[in-house]
$ cat structure24.cif   # mmCIF, C-alpha atoms
data_final
#
loop_
_atom_site.label_atom_id
_atom_site.label_comp_id
_atom_site.auth_asym_id
_atom_site.auth_seq_id
_atom_site.Cartn_x
_atom_site.Cartn_y
_atom_site.Cartn_z
CA MET A 1 -70.82 47.59 200.39
CA THR A 2 -68.11 48.18 203.04
CA SER A 3 -68.86 50.71 205.80
CA SER A 4 -65.87 52.21 207.58
CA PRO A 5 -64.64 55.49 209.09
CA GLN A 6 -61.44 54.89 207.13
CA GLU A 7 -61.13 55.42 203.39
CA GLN A 8 -62.10 52.22 201.57
CA PRO A 9 -61.44 51.67 197.85
CA PHE A 10 -64.70 51.43 195.93
CA HIS A 11 -65.21 49.16 192.91
CA LEU A 12 -68.53 49.35 191.11
CA SER A 13 -69.96 45.94 190.26
CA VAL A 14 -73.65 45.68 189.46
CA SER A 15 -74.90 42.13 189.87
CA GLU A 16 -76.15 40.07 186.94
CA SER A 17 -79.49 39.74 188.71
CA GLU A 18 -79.88 43.52 188.75
CA LEU A 19 -79.02 43.73 185.06
CA GLU A 20 -81.52 40.99 184.24
CA HIS A 21 -84.20 42.72 186.31
CA LEU A 22 -83.61 45.92 184.33
CA ARG A 23 -83.87 44.03 181.03
CA LYS A 24 -87.18 42.50 182.09
CA LYS A 25 -88.52 45.90 183.12
CA LEU A 26 -87.58 47.35 179.76
CA GLU A 27 -89.02 44.37 177.92
CA ILE A 28 -92.49 44.79 179.43
CA SER A 29 -92.56 48.60 179.34
CA ARG A 30 -95.68 50.23 177.88
CA LEU A 31 -95.17 53.58 176.15
CA PRO A 32 -97.79 56.28 175.68
CA ASP A 33 -99.04 57.59 172.36
CA GLU A 34 -98.04 61.00 171.01
CA LEU A 35 -99.86 63.86 169.30
CA GLU A 36 -98.99 64.47 165.68
CA GLY A 37 -96.26 67.08 165.25
CA ALA A 38 -95.81 67.51 169.01
CA GLY A 39 -92.02 67.56 168.87
CA TRP A 40 -90.60 68.70 172.21
CA ASN A 41 -93.57 70.93 173.05
CA TYR A 42 -95.21 68.33 175.29
CA GLY A 43 -92.01 66.77 176.60
CA VAL A 44 -89.62 64.13 175.33
CA PRO A 45 -90.56 62.89 171.82
CA LEU A 46 -91.76 59.29 171.63
CA ALA A 47 -89.19 58.42 168.97
CA ASP A 48 -86.33 59.37 171.29
CA ILE A 49 -87.62 57.19 174.11
CA LYS A 50 -88.27 54.24 171.79
CA ARG A 51 -84.72 54.45 170.49
CA LEU A 52 -83.15 54.79 173.93
CA VAL A 53 -85.24 52.00 175.47
CA THR A 54 -84.32 49.63 172.63
CA HIS A 55 -80.64 50.49 172.97
CA TRP A 56 -80.72 50.19 176.77
CA LYS A 57 -82.31 46.76 176.47
CA ASP A 58 -80.42 45.31 173.51
CA GLY A 59 -77.32 47.34 172.72
CA PHE A 60 -75.97 49.33 175.64
CA ASP A 61 -72.92 47.71 177.23
CA TRP A 62 -73.17 48.50 180.93
CA ARG A 63 -70.07 46.44 181.71
CA LYS A 64 -68.04 48.71 179.42
CA ALA A 65 -69.48 51.83 181.06
CA GLU A 66 -68.91 50.29 184.50
CA ALA A 67 -65.25 49.57 183.68
CA GLU A 68 -64.75 53.16 182.56
CA LEU A 69 -66.28 54.46 185.80
CA ASN A 70 -63.99 52.14 187.73
CA ASP A 71 -61.03 53.89 186.13
CA LEU A 72 -61.84 56.77 188.49
CA SER A 73 -60.19 56.76 191.92
CA MET A 74 -63.30 56.00 193.96
CA TYR A 75 -63.66 55.42 197.69
CA THR A 76 -66.19 55.28 200.51
CA ARG A 77 -65.99 56.25 204.14
CA ASP A 78 -68.33 56.91 207.06
CA ILE A 79 -69.20 60.49 207.98
CA ASP A 80 -71.11 61.33 211.17
CA VAL A 81 -73.72 64.09 210.83
CA GLU A 82 -75.19 65.51 214.01
CA GLY A 83 -78.73 64.26 214.51
CA PHE A 84 -78.57 61.91 211.53
CA GLY A 85 -76.06 59.29 212.58
CA THR A 86 -73.44 57.86 210.28
CA LEU A 87 -73.67 58.00 206.50
CA ASN A 88 -71.40 55.96 204.26
CA ILE A 89 -70.33 58.34 201.51
CA HIS A 90 -68.98 57.51 198.06
CA TYR A 91 -66.54 59.92 196.44
CA VAL A 92 -63.92 60.37 193.78
CA HIS A 93 -60.54 61.40 195.18
CA GLN A 94 -58.02 62.19 192.48
CA LYS A 95 -54.73 63.56 193.76
CA SER A 96 -52.29 65.60 191.73
CA THR A 97 -48.61 64.72 191.52
CA VAL A 98 -47.90 68.24 192.77
CA PRO A 99 -47.40 68.11 196.57
CA ASN A 100 -48.65 71.68 196.97
CA ALA A 101 -51.78 71.10 194.89
CA ILE A 102 -54.88 72.96 196.07
CA PRO A 103 -57.57 70.78 197.70
CA LEU A 104 -60.78 71.25 195.69
CA LEU A 105 -64.22 70.02 196.73
CA PHE A 106 -66.57 69.59 193.75
CA ALA A 107 -70.32 69.33 194.42
CA HIS A 108 -72.78 68.02 191.80
CA GLY A 109 -76.51 68.56 191.58
CA TRP A 110 -79.62 66.91 190.14
CA PRO A 111 -79.90 65.19 187.69
CA GLY A 112 -76.13 64.99 187.74
CA SER A 113 -73.76 62.88 189.79
CA PHE A 114 -70.07 62.34 190.40
CA ILE A 115 -69.75 61.63 186.66
CA GLU A 116 -69.83 65.37 186.02
CA ILE A 117 -66.24 65.73 187.26
CA ARG A 118 -64.84 63.04 184.96
CA LYS A 119 -63.81 65.27 182.05
CA MET A 120 -62.30 67.89 184.36
CA LEU A 121 -60.08 65.53 186.36
CA PRO A 122 -57.13 65.43 183.93
CA LEU A 123 -57.36 69.19 183.45
CA LEU A 124 -57.41 70.05 187.14
CA THR A 125 -54.82 67.53 188.35
CA SER A 126 -52.28 68.18 185.59
CA ALA A 127 -49.00 69.82 186.57
CA GLY A 128 -47.34 72.71 184.80
CA PRO A 129 -45.26 75.79 185.53
CA ASP A 130 -47.96 78.15 184.23
CA GLN A 131 -51.02 76.80 185.99
CA PRO A 132 -52.05 75.62 189.45
CA SER A 133 -52.86 71.97 190.09
CA PHE A 134 -55.60 70.59 192.32
CA HIS A 135 -56.34 67.58 194.50
CA VAL A 136 -59.97 66.87 193.55
CA VAL A 137 -62.66 65.42 195.83
CA ALA A 138 -66.05 64.83 194.19
CA PRO A 139 -68.56 63.11 196.50
CA SER A 140 -71.88 61.57 195.66
CA LEU A 141 -74.33 63.52 197.79
CA PRO A 142 -76.37 61.40 200.23
CA GLY A 143 -79.06 59.58 198.27
CA PHE A 144 -77.18 60.00 194.99
CA GLY A 145 -74.91 57.59 193.18
CA PHE A 146 -73.30 55.14 195.55
CA SER A 147 -73.62 57.09 198.79
CA GLU A 148 -75.97 55.93 201.50
CA GLY A 149 -79.33 57.70 201.70
CA VAL A 150 -80.65 59.74 204.61
CA LYS A 151 -83.14 57.88 206.79
CA LYS A 152 -85.21 60.68 208.33
CA PRO A 153 -86.52 64.14 207.42
CA GLY A 154 -84.73 67.44 207.94
CA PHE A 155 -81.39 66.88 206.20
CA ALA A 156 -80.94 70.35 204.70
CA GLY A 157 -78.29 73.00 204.02
CA PRO A 158 -76.45 72.95 207.37
CA GLN A 159 -76.31 69.15 207.34
CA TYR A 160 -74.95 68.97 203.79
CA ALA A 161 -72.35 71.57 204.72
CA GLU A 162 -71.37 69.59 207.83
CA LEU A 163 -71.01 66.41 205.81
CA LEU A 164 -68.97 68.03 203.04
CA ASN A 165 -66.68 69.80 205.49
CA LYS A 166 -66.14 66.66 207.55
CA LEU A 167 -65.32 64.70 204.40
CA MET A 168 -62.58 67.16 203.50
CA LEU A 169 -61.21 67.16 207.04
CA SER A 170 -61.20 63.35 207.12
CA LEU A 171 -59.02 63.39 204.01
CA GLY A 172 -56.49 65.64 205.71
CA TYR A 173 -57.61 68.84 203.99
CA ASP A 174 -58.03 71.28 206.86
CA GLU A 175 -58.31 74.09 204.33
CA TYR A 176 -59.84 73.77 200.88
CA ILE A 177 -61.68 75.51 198.05
CA TYR A 178 -65.01 74.64 196.48
CA GLN A 179 -66.75 74.52 193.11
CA GLY A 180 -70.34 73.61 192.33
CA GLY A 181 -73.32 74.15 190.07
CA ASP A 182 -77.01 73.31 190.47
CA TRP A 183 -77.32 72.14 194.11
CA GLY A 184 -73.63 72.91 194.37
CA TYR A 185 -74.54 76.60 194.58
CA PRO A 186 -76.69 76.59 197.76
CA LEU A 187 -74.53 73.89 199.34
CA GLY A 188 -71.50 76.10 198.70
CA ALA A 189 -73.29 79.05 200.26
CA PHE A 190 -74.09 77.00 203.37
CA THR A 191 -70.53 75.68 203.58
CA ALA A 192 -69.21 79.25 203.38
CA THR A 193 -71.70 80.32 206.05
CA HIS A 194 -70.75 77.61 208.55
CA TYR A 195 -67.11 76.84 207.71
CA GLY A 196 -65.89 79.85 205.77
CA HIS A 197 -62.41 81.25 206.43
CA LYS A 198 -61.45 78.56 208.95
CA HIS A 199 -61.79 75.67 206.49
CA LEU A 200 -63.41 76.86 203.26
CA LYS A 201 -61.03 79.49 201.93
CA ALA A 202 -62.78 80.42 198.65
CA TRP A 203 -65.57 79.15 196.43
CA HIS A 204 -66.84 79.29 192.87
CA THR A 205 -70.16 78.51 191.23
CA ASN A 206 -71.51 78.28 187.71
CA LEU A 207 -75.07 78.83 188.95
CA PRO A 208 -75.06 82.13 190.88
CA ILE A 209 -78.64 82.42 192.15
CA ALA A 210 -78.47 86.11 192.98
CA LYS A 211 -80.91 88.53 194.54
CA PRO A 212 -81.26 92.30 194.00
CA PRO A 213 -78.62 94.10 196.09
CA THR A 214 -79.76 95.79 199.30
CA LEU A 215 -78.40 98.87 201.02
CA LEU A 216 -77.27 96.91 204.08
CA GLY A 217 -76.15 93.76 202.30
CA SER A 218 -74.26 95.19 199.30
CA PRO A 219 -74.21 99.00 199.52
CA PHE A 220 -71.84 99.49 196.56
CA ALA A 221 -73.87 97.24 194.29
CA TYR A 222 -77.08 98.81 195.61
CA PHE A 223 -76.13 102.35 194.60
CA LYS A 224 -74.59 101.11 191.36
CA SER A 225 -77.93 99.54 190.44
CA PHE A 226 -79.42 103.03 190.16
CA LEU A 227 -76.80 104.00 187.60
CA ILE A 228 -76.74 100.75 185.61
CA PRO A 229 -80.14 99.08 185.13
CA PRO A 230 -80.24 95.28 185.53
CA ASP A 231 -79.86 93.06 182.49
CA MET A 232 -83.50 92.38 181.71
CA LYS A 233 -82.60 89.81 179.06
CA ARG A 234 -81.07 87.55 181.70
CA LEU A 235 -84.10 88.00 183.94
CA ALA A 236 -86.39 87.21 181.01
CA THR A 237 -84.57 83.88 180.55
CA THR A 238 -85.24 83.01 184.17
CA LYS A 239 -88.87 84.09 183.96
CA LYS A 240 -89.46 81.99 180.85
CA PHE A 241 -87.92 78.90 182.43
CA SER A 242 -89.86 79.45 185.67
CA THR A 243 -93.08 79.58 183.63
CA THR A 244 -92.53 76.79 181.10
CA GLY A 245 -89.80 74.51 182.48
CA ASN A 246 -89.95 74.53 186.25
CA GLY A 247 -92.75 72.06 186.91
CA TYR A 248 -90.26 69.35 187.88
CA PHE A 249 -88.97 71.59 190.68
CA ARG A 250 -92.40 72.20 192.20
CA GLU A 251 -93.23 68.49 192.16
CA GLN A 252 -89.90 67.42 193.65
CA ALA A 253 -90.03 70.18 196.27
CA THR A 254 -93.56 69.39 197.42
CA LYS A 255 -94.38 65.71 196.77
CA PRO A 256 -91.12 63.84 196.09
CA GLN A 257 -92.44 60.56 197.46
CA THR A 258 -95.31 60.46 194.98
CA LEU A 259 -92.94 61.00 192.08
CA GLY A 260 -90.51 58.53 193.62
CA TYR A 261 -92.75 55.53 192.92
CA ASN A 262 -92.39 56.19 189.20
CA LEU A 263 -88.65 56.78 189.36
CA ALA A 264 -88.00 53.69 191.48
CA ASP A 265 -90.24 51.26 189.59
CA SER A 266 -90.01 52.36 185.97
CA PRO A 267 -86.67 52.64 184.19
CA VAL A 268 -88.51 54.22 181.25
CA GLY A 269 -90.06 56.82 183.54
CA LEU A 270 -86.66 57.57 185.06
CA LEU A 271 -85.11 57.79 181.60
CA ALA A 272 -87.69 60.24 180.28
CA TRP A 273 -87.63 62.37 183.44
CA ILE A 274 -83.86 62.90 183.30
CA TYR A 275 -83.29 62.78 179.53
CA GLU A 276 -85.57 65.78 179.11
CA LYS A 277 -83.23 67.85 181.30
CA LEU A 278 -80.07 66.58 179.64
CA VAL A 279 -81.33 67.84 176.30
CA LEU A 280 -83.20 71.01 177.24
CA TRP A 281 -80.73 72.32 179.82
CA THR A 282 -77.61 72.01 177.66
CA ASP A 283 -76.17 74.14 174.90
CA LYS A 284 -76.88 71.77 172.00
CA TYR A 285 -74.56 69.24 173.61
CA PRO A 286 -74.19 66.24 171.23
CA TRP A 287 -75.29 63.49 173.60
CA THR A 288 -74.60 59.96 172.44
CA ASP A 289 -77.08 57.29 173.51
CA ASP A 290 -74.33 55.59 175.51
CA GLU A 291 -73.61 58.80 177.42
CA VAL A 292 -77.28 59.29 178.25
CA LEU A 293 -77.73 55.70 179.39
CA THR A 294 -74.60 55.84 181.56
CA TRP A 295 -76.03 58.90 183.36
CA ILE A 296 -79.42 57.22 183.77
CA SER A 297 -77.94 53.87 184.82
CA ILE A 298 -76.04 55.53 187.67
CA TYR A 299 -79.43 56.61 189.00
CA TRP A 300 -81.12 53.26 188.33
CA PHE A 301 -78.37 51.28 190.05
CA SER A 302 -77.81 53.86 192.79
CA ARG A 303 -77.37 52.62 196.32
CA ALA A 304 -80.45 54.34 197.79
CA GLY A 305 -82.54 54.11 194.62
CA PRO A 306 -83.48 56.96 192.27
CA ALA A 307 -86.35 58.24 194.43
CA ALA A 308 -83.93 59.26 197.17
CA SER A 309 -82.20 61.82 194.95
CA VAL A 310 -85.22 64.10 194.56
CA ARG A 311 -85.86 64.54 198.29
CA ILE A 312 -83.14 67.19 198.42
CA TYR A 313 -85.65 69.54 196.78
CA TYR A 314 -88.10 69.12 199.65
CA GLU A 315 -85.51 69.43 202.39
CA MET A 316 -83.69 72.42 200.91
CA THR A 317 -86.93 74.38 200.36
CA GLY A 318 -88.94 73.37 203.41
CA GLY A 319 -91.44 71.62 201.18
CA GLY A 320 -91.46 74.44 198.63
CA THR A 321 -91.95 77.24 201.16
CA HIS A 322 -88.63 79.08 200.85
CA ALA A 323 -85.58 79.59 198.65
CA THR A 324 -82.92 76.89 198.38
CA ASP A 325 -80.33 79.14 200.08
CA ALA A 326 -82.58 80.47 202.85
CA GLY A 327 -80.45 80.58 206.00
CA ALA A 328 -77.14 80.95 204.19
CA LYS A 329 -75.39 84.26 204.87
CA TRP A 330 -73.31 86.68 202.87
CA THR A 331 -69.68 86.13 203.87
CA SER A 332 -66.36 87.73 203.04
CA VAL A 333 -64.99 84.39 201.83
CA PRO A 334 -63.62 85.07 198.30
CA PHE A 335 -66.26 84.09 195.78
CA GLY A 336 -66.25 83.56 192.01
CA ALA A 337 -69.08 83.30 189.50
CA ALA A 338 -69.22 81.93 185.96
CA TYR A 339 -71.95 82.72 183.46
CA PHE A 340 -72.80 80.19 180.76
CA PRO A 341 -75.12 81.25 177.93
CA VAL A 342 -77.71 78.45 178.16
CA GLU A 343 -77.94 78.27 181.96
CA ILE A 344 -81.58 77.80 182.94
CA PHE A 345 -81.52 80.37 185.74
CA GLN A 346 -79.88 83.69 184.89
CA PHE A 347 -79.72 86.86 186.94
CA PRO A 348 -78.07 90.24 186.35
CA LYS A 349 -74.35 89.84 186.84
CA GLU A 350 -74.26 92.88 189.11
CA TRP A 351 -76.47 91.01 191.58
CA SER A 352 -73.77 88.38 192.19
CA HIS A 353 -72.30 90.74 194.81
CA SER A 354 -75.30 89.81 196.96
CA ILE A 355 -74.04 86.21 197.26
CA GLY A 356 -70.60 86.85 198.72
CA LYS A 357 -67.36 88.74 198.34
CA LEU A 358 -67.20 88.64 194.55
CA VAL A 359 -63.57 88.60 193.41
CA PHE A 360 -63.81 86.77 190.09
CA GLU A 361 -66.26 86.64 187.18
CA SER A 362 -66.21 85.04 183.76
CA ALA A 363 -68.60 84.91 180.82
CA HIS A 364 -68.45 81.97 178.41
CA ASP A 365 -69.58 81.68 174.82
CA LYS A 366 -70.83 78.10 175.11
CA GLY A 367 -72.25 75.83 177.75
CA GLY A 368 -75.40 75.30 179.75
CA HIS A 369 -76.46 73.85 183.07
CA PHE A 370 -73.92 71.02 183.16
CA ALA A 371 -70.88 73.23 182.64
CA ALA A 372 -68.29 70.79 184.00
CA TYR A 373 -69.45 68.19 181.48
CA GLU A 374 -70.34 70.43 178.54
CA ASN A 375 -67.44 72.86 178.70
CA PRO A 376 -64.78 71.37 181.00
CA ASP A 377 -61.99 73.45 179.47
CA GLY A 378 -63.86 76.67 180.16
CA LEU A 379 -64.68 75.82 183.76
CA ALA A 380 -61.17 74.50 184.48
CA SER A 381 -59.75 77.71 183.00
CA ASP A 382 -61.86 79.72 185.45
CA LEU A 383 -60.42 77.85 188.41
CA ARG A 384 -56.87 78.25 187.12
CA LYS A 385 -57.38 81.99 186.68
CA MET A 386 -59.07 82.50 190.02
CA PHE A 387 -56.56 80.46 192.03
CA GLY A 388 -53.43 80.77 189.92
CA LYS A 389 -50.62 83.28 190.21
CA GLY A 390 -51.97 86.78 189.80
CA GLY A 391 -55.52 85.58 190.46
CA PRO A 392 -57.72 87.16 193.13
CA ALA A 393 -57.72 83.99 195.26
CA HIS A 394 -54.14 82.86 194.72
CA ALA A 395 -52.59 81.04 197.70
CA VAL A 396 -55.73 81.26 199.88
CA VAL A 397 -55.02 77.73 201.16
CA THR A 398 -52.09 77.86 203.56
CA GLY A 399 -48.98 76.29 202.05
CA LYS A 400 -50.79 75.01 198.96
CA ASP A 401 -50.65 77.38 196.01
CA GLY A 402 -50.93 74.63 193.38
CA TYR A 403 -47.42 74.96 191.92
CA ALA A 404 -44.54 72.52 192.09
#

$ encode --input "structure24.cif" --output "structure tokens"
Amino acid sequence: MTSSPQEQPFHLSVSESELEHLRKKLEISRLPDELEGAGWNYGVPLADIKRLVTHWKDGFDWRKAEAELNDLSMYTRDIDVEGFGTLNIHYVHQKSTVPNAIPLLFAHGWPGSFIEIRKMLPLLTSAGPDQPSFHVVAPSLPGFGFSEGVKKPGFAGPQYAELLNKLMLSLGYDEYIYQGGDWGYPLGAFTATHYGHKHLKAWHTNLPIAKPPTLLGSPFAYFKSFLIPPDMKRLATTKKFSTTGNGYFREQATKPQTLGYNLADSPVGLLAWIYEKLVLWTDKYPWTDDEVLTWISIYWFSRAGPAASVRIYYEMTGGGTHATDAGAKWTSVPFGAAYFPVEIFQFPKEWSHSIGKLVFESAHDKGGHFAAYENPDGLASDLRKMFGKGGPAHAVVTGKDGYA
């Protein structure tokens, strides 16, 4: 893979030897038994894994999926991160035909990847008199997809923010906006903290991890909380998930290397670990087996290997000792929040003022954790409303309002 400080076109081409190695791994896989009537109570049902393993081995056409991924405008380039040397970063860079399109940085999370932006690209880059258009940059985070992995400990919020900001600057976007869910939320908060106003002009998340407002941090929201009690139903959703669905987080935040041996050596283990989230974290999204296996294959064939992707949990939480956004500050950078009904973490909407200068909110009637993939029209509509004419963050990027 080419390493260069200049933008290099990227063409995905998994070798035949890698494909054959995967087939052999699947061929000799040994599956566990299953309790009668267990369903999803104990995890992924055995029947699902049997079906997916058989299809991955005998029916799934990776070359077709690979060709479709190569239809994206993909590139790599070197980014220097202080204390961590040079990292070769893979990214999608889809430009609009509108010269004044708004530069948008899209950040994925785990177990997602750059593929999450695919459905939104034609929506965001389209031109029209009644909607803004965007130049979209969607990187693979270090250790994900086809970006190089980090080689030493300590790569956390400030380093991700530095890398993301430098990527945008290297592309000629001195000012830009941001959207992200999952890890995209804390990484957006860190980017706003370190590069807000000067470079990052506004940001939006579909996973607002909010805290109760404080008198000093959000005085208006603090006093309002005495008049309007918090939405306990949303908090109950978070509590239930934290009790019954959050074990993956604790393992990845405390002992990612131990888990990594399974993810790196067993394609079936990797499949089950991620497939569980694709099903349980979405709003009854009708996954096809080909869709699932494309997501999983991006991890299996990833440049740094699938184990590298889970280390972000350790680094961003100090080994499970603090919150993912610890160290990020409240800023007056315009901020927007979207609420999807089957999001795994939900907090009272009033608390979103504690994250930043809240100028835009939206509530959707469908969608879960992977909003860009599950409900691309809804999320794209949010960005158009927030940054379009009459929106609270219209024309925040100097000379680029998104209109022809």

$ resolve_selection --input "structure24.cif" --expression "the PyMOL selection byres ((chain A and resi 75) around 6)" --output "ChimeraX atom specification"
/A:8-10,74,76,90-91

$ residues_around --input "structure24.cif" --residues "segment 280-291 of chain A" --least-positions-apart "5" --cutoff "8 Å" --atoms "all atoms listed in the file" --output "PyMOL selection string"
chain A and resi 52+55+60+341-344+366-370+374

$ residues_around --input "structure24.cif" --residues "segment 315-318 of chain A" --least-positions-apart "4" --cutoff "7 Å" --atoms "all atoms listed in the file" --output "number ranges by chain"
A: 154-157, 253, 311, 322-324

$ atom_distance --input "structure24.cif" --atom1 "atom CA of Asp382 of chain A" --atom2 "atom CA of His364 of chain A"
9.9 Å

$ resolve_selection --input "structure24.cif" --expression "the PyMOL selection byres ((chain A and resi 106) around 12)" --output "PDB file with C-alpha atoms, in the frame of the given file"
ATOM      1  CA  TYR A  91     -66.540  59.920 196.440  1.00  0.00           C
ATOM      2  CA  VAL A  92     -63.920  60.370 193.780  1.00  0.00           C
ATOM      3  CA  HIS A  93     -60.540  61.400 195.180  1.00  0.00           C
ATOM      4  CA  GLN A  94     -58.020  62.190 192.480  1.00  0.00           C
ATOM      5  CA  PRO A 103     -57.570  70.780 197.700  1.00  0.00           C
ATOM      6  CA  LEU A 104     -60.780  71.250 195.690  1.00  0.00           C
ATOM      7  CA  LEU A 105     -64.220  70.020 196.730  1.00  0.00           C
ATOM      8  CA  ALA A 107     -70.320  69.330 194.420  1.00  0.00           C
ATOM      9  CA  HIS A 108     -72.780  68.020 191.800  1.00  0.00           C
ATOM     10  CA  GLY A 109     -76.510  68.560 191.580  1.00  0.00           C
ATOM     11  CA  SER A 113     -73.760  62.880 189.790  1.00  0.00           C
ATOM     12  CA  PHE A 114     -70.070  62.340 190.400  1.00  0.00           C
ATOM     13  CA  ILE A 115     -69.750  61.630 186.660  1.00  0.00           C
ATOM     14  CA  GLU A 116     -69.830  65.370 186.020  1.00  0.00           C
ATOM     15  CA  ILE A 117     -66.240  65.730 187.260  1.00  0.00           C
ATOM     16  CA  ARG A 118     -64.840  63.040 184.960  1.00  0.00           C
ATOM     17  CA  MET A 120     -62.300  67.890 184.360  1.00  0.00           C
ATOM     18  CA  LEU A 121     -60.080  65.530 186.360  1.00  0.00           C
ATOM     19  CA  LEU A 124     -57.410  70.050 187.140  1.00  0.00           C
ATOM     20  CA  PHE A 134     -55.600  70.590 192.320  1.00  0.00           C
ATOM     21  CA  HIS A 135     -56.340  67.580 194.500  1.00  0.00           C
ATOM     22  CA  VAL A 136     -59.970  66.870 193.550  1.00  0.00           C
ATOM     23  CA  VAL A 137     -62.660  65.420 195.830  1.00  0.00           C
ATOM     24  CA  ALA A 138     -66.050  64.830 194.190  1.00  0.00           C
ATOM     25  CA  PRO A 139     -68.560  63.110 196.500  1.00  0.00           C
ATOM     26  CA  SER A 140     -71.880  61.570 195.660  1.00  0.00           C
ATOM     27  CA  LEU A 141     -74.330  63.520 197.790  1.00  0.00           C
ATOM     28  CA  LEU A 164     -68.970  68.030 203.040  1.00  0.00           C
ATOM     29  CA  ASN A 165     -66.680  69.800 205.490  1.00  0.00           C
ATOM     30  CA  LEU A 167     -65.320  64.700 204.400  1.00  0.00           C
ATOM     31  CA  MET A 168     -62.580  67.160 203.500  1.00  0.00           C
ATOM     32  CA  TYR A 176     -59.840  73.770 200.880  1.00  0.00           C
ATOM     33  CA  ILE A 177     -61.680  75.510 198.050  1.00  0.00           C
ATOM     34  CA  TYR A 178     -65.010  74.640 196.480  1.00  0.00           C
ATOM     35  CA  GLN A 179     -66.750  74.520 193.110  1.00  0.00           C
ATOM     36  CA  GLY A 180     -70.340  73.610 192.330  1.00  0.00           C
ATOM     37  CA  GLY A 181     -73.320  74.150 190.070  1.00  0.00           C
ATOM     38  CA  ASP A 182     -77.010  73.310 190.470  1.00  0.00           C
ATOM     39  CA  TRP A 183     -77.320  72.140 194.110  1.00  0.00           C
ATOM     40  CA  GLY A 184     -73.630  72.910 194.370  1.00  0.00           C
ATOM     41  CA  TYR A 185     -74.540  76.600 194.580  1.00  0.00           C
ATOM     42  CA  LEU A 187     -74.530  73.890 199.340  1.00  0.00           C
ATOM     43  CA  GLY A 188     -71.500  76.100 198.700  1.00  0.00           C
ATOM     44  CA  TRP A 203     -65.570  79.150 196.430  1.00  0.00           C
ATOM     45  CA  HIS A 204     -66.840  79.290 192.870  1.00  0.00           C
ATOM     46  CA  THR A 205     -70.160  78.510 191.230  1.00  0.00           C
ATOM     47  CA  ASN A 206     -71.510  78.280 187.710  1.00  0.00           C
ATOM     48  CA  ALA A 372     -68.290  70.790 184.000  1.00  0.00           C
ATOM     49  CA  LEU A 379     -64.680  75.820 183.760  1.00  0.00           C
ATOM     50  CA  ALA A 380     -61.170  74.500 184.480  1.00  0.00           C
ATOM     51  CA  LEU A 383     -60.420  77.850 188.410  1.00  0.00           C
TER      52      LEU A 383
END

$ atom_distance --input "structure24.cif" --atom1 "atom CA of Lys152 of chain A" --atom2 "atom CA of Ala189 of chain A"
23.3 Å

$ residues_around --input "structure24.cif" --residues "Ser302 of chain A" --least-positions-apart "3" --cutoff "6 Å" --atoms "all atoms listed in the file" --output "number ranges by chain"
A: 145-146, 298-299, 305

$ write_last_selection --input "structure24.cif" --atoms "C-alpha atoms" --output "PDB file, in the coordinates of the input"
ATOM      1  CA  GLY A 145     -74.910  57.590 193.180  1.00  0.00           C
ATOM      2  CA  PHE A 146     -73.300  55.140 195.550  1.00  0.00           C
ATOM      3  CA  ILE A 298     -76.040  55.530 187.670  1.00  0.00           C
ATOM      4  CA  TYR A 299     -79.430  56.610 189.000  1.00  0.00           C
ATOM      5  CA  GLY A 305     -82.540  54.110 194.620  1.00  0.00           C
TER       6      GLY A 305
END

$ residues_around --input "structure24.cif" --residues "Ile89 of chain A" --least-positions-apart "4" --cutoff "7 Å" --atoms "all atoms listed in the file" --output "number ranges by chain"
A: 76-79, 140, 142, 147-148

$ closest_atom_pairs --input "structure24.cif" --of "segment 54-102 of chain A" --to "segment 17-40 of chain A" --cutoff "12 Å" --atoms "all atoms listed in the file" --output "JSON lines"
{"residue": "A:Thr54", "atom": "CA", "partner": "A:Leu26", "partner_atom": "CA", "distance": 8.2}
{"residue": "A:His55", "atom": "CA", "partner": "A:Leu26", "partner_atom": "CA", "distance": 10.2}
{"residue": "A:Trp56", "atom": "CA", "partner": "A:Leu26", "partner_atom": "CA", "distance": 8.0}
{"residue": "A:Lys57", "atom": "CA", "partner": "A:Arg23", "partner_atom": "CA", "distance": 5.5}
{"residue": "A:Asp58", "atom": "CA", "partner": "A:Arg23", "partner_atom": "CA", "distance": 8.4}
{"residue": "A:Gly59", "atom": "CA", "partner": "A:Arg23", "partner_atom": "CA", "distance": 11.1}
{"residue": "A:Phe60", "atom": "CA", "partner": "A:Arg23", "partner_atom": "CA", "distance": 10.9}
{"residue": "A:Asp61", "atom": "CA", "partner": "A:Leu19", "partner_atom": "CA", "distance": 10.7}
{"residue": "A:Trp62", "atom": "CA", "partner": "A:Leu19", "partner_atom": "CA", "distance": 8.6}
{"residue": "A:Arg63", "atom": "CA", "partner": "A:Leu19", "partner_atom": "CA", "distance": 9.9}

$ write_last_selection --input "structure24.cif" --atoms "C-alpha atoms" --output "tab-separated table (two decimals), in the coordinates of the input"
chain	number	residue	atom	x	y	z
A	54	THR	CA	-84.32	49.63	172.63
A	55	HIS	CA	-80.64	50.49	172.97
A	56	TRP	CA	-80.72	50.19	176.77
A	57	LYS	CA	-82.31	46.76	176.47
A	58	ASP	CA	-80.42	45.31	173.51
A	59	GLY	CA	-77.32	47.34	172.72
A	60	PHE	CA	-75.97	49.33	175.64
A	61	ASP	CA	-72.92	47.71	177.23
A	62	TRP	CA	-73.17	48.50	180.93
A	63	ARG	CA	-70.07	46.44	181.71

$ resolve_selection --input "structure24.cif" --expression "the PyMOL selection byres ((chain A and resi 393) around 12)" --output "ChimeraX atom specification"
/A:102,132,176-178,201-204,333-336,357-360,382-392,394-398,400-402

$ atom_distance --input "structure24.cif" --atom1 "atom CA of Pro158 of chain A" --atom2 "atom CA of Gln257 of chain A"
22.5 Å
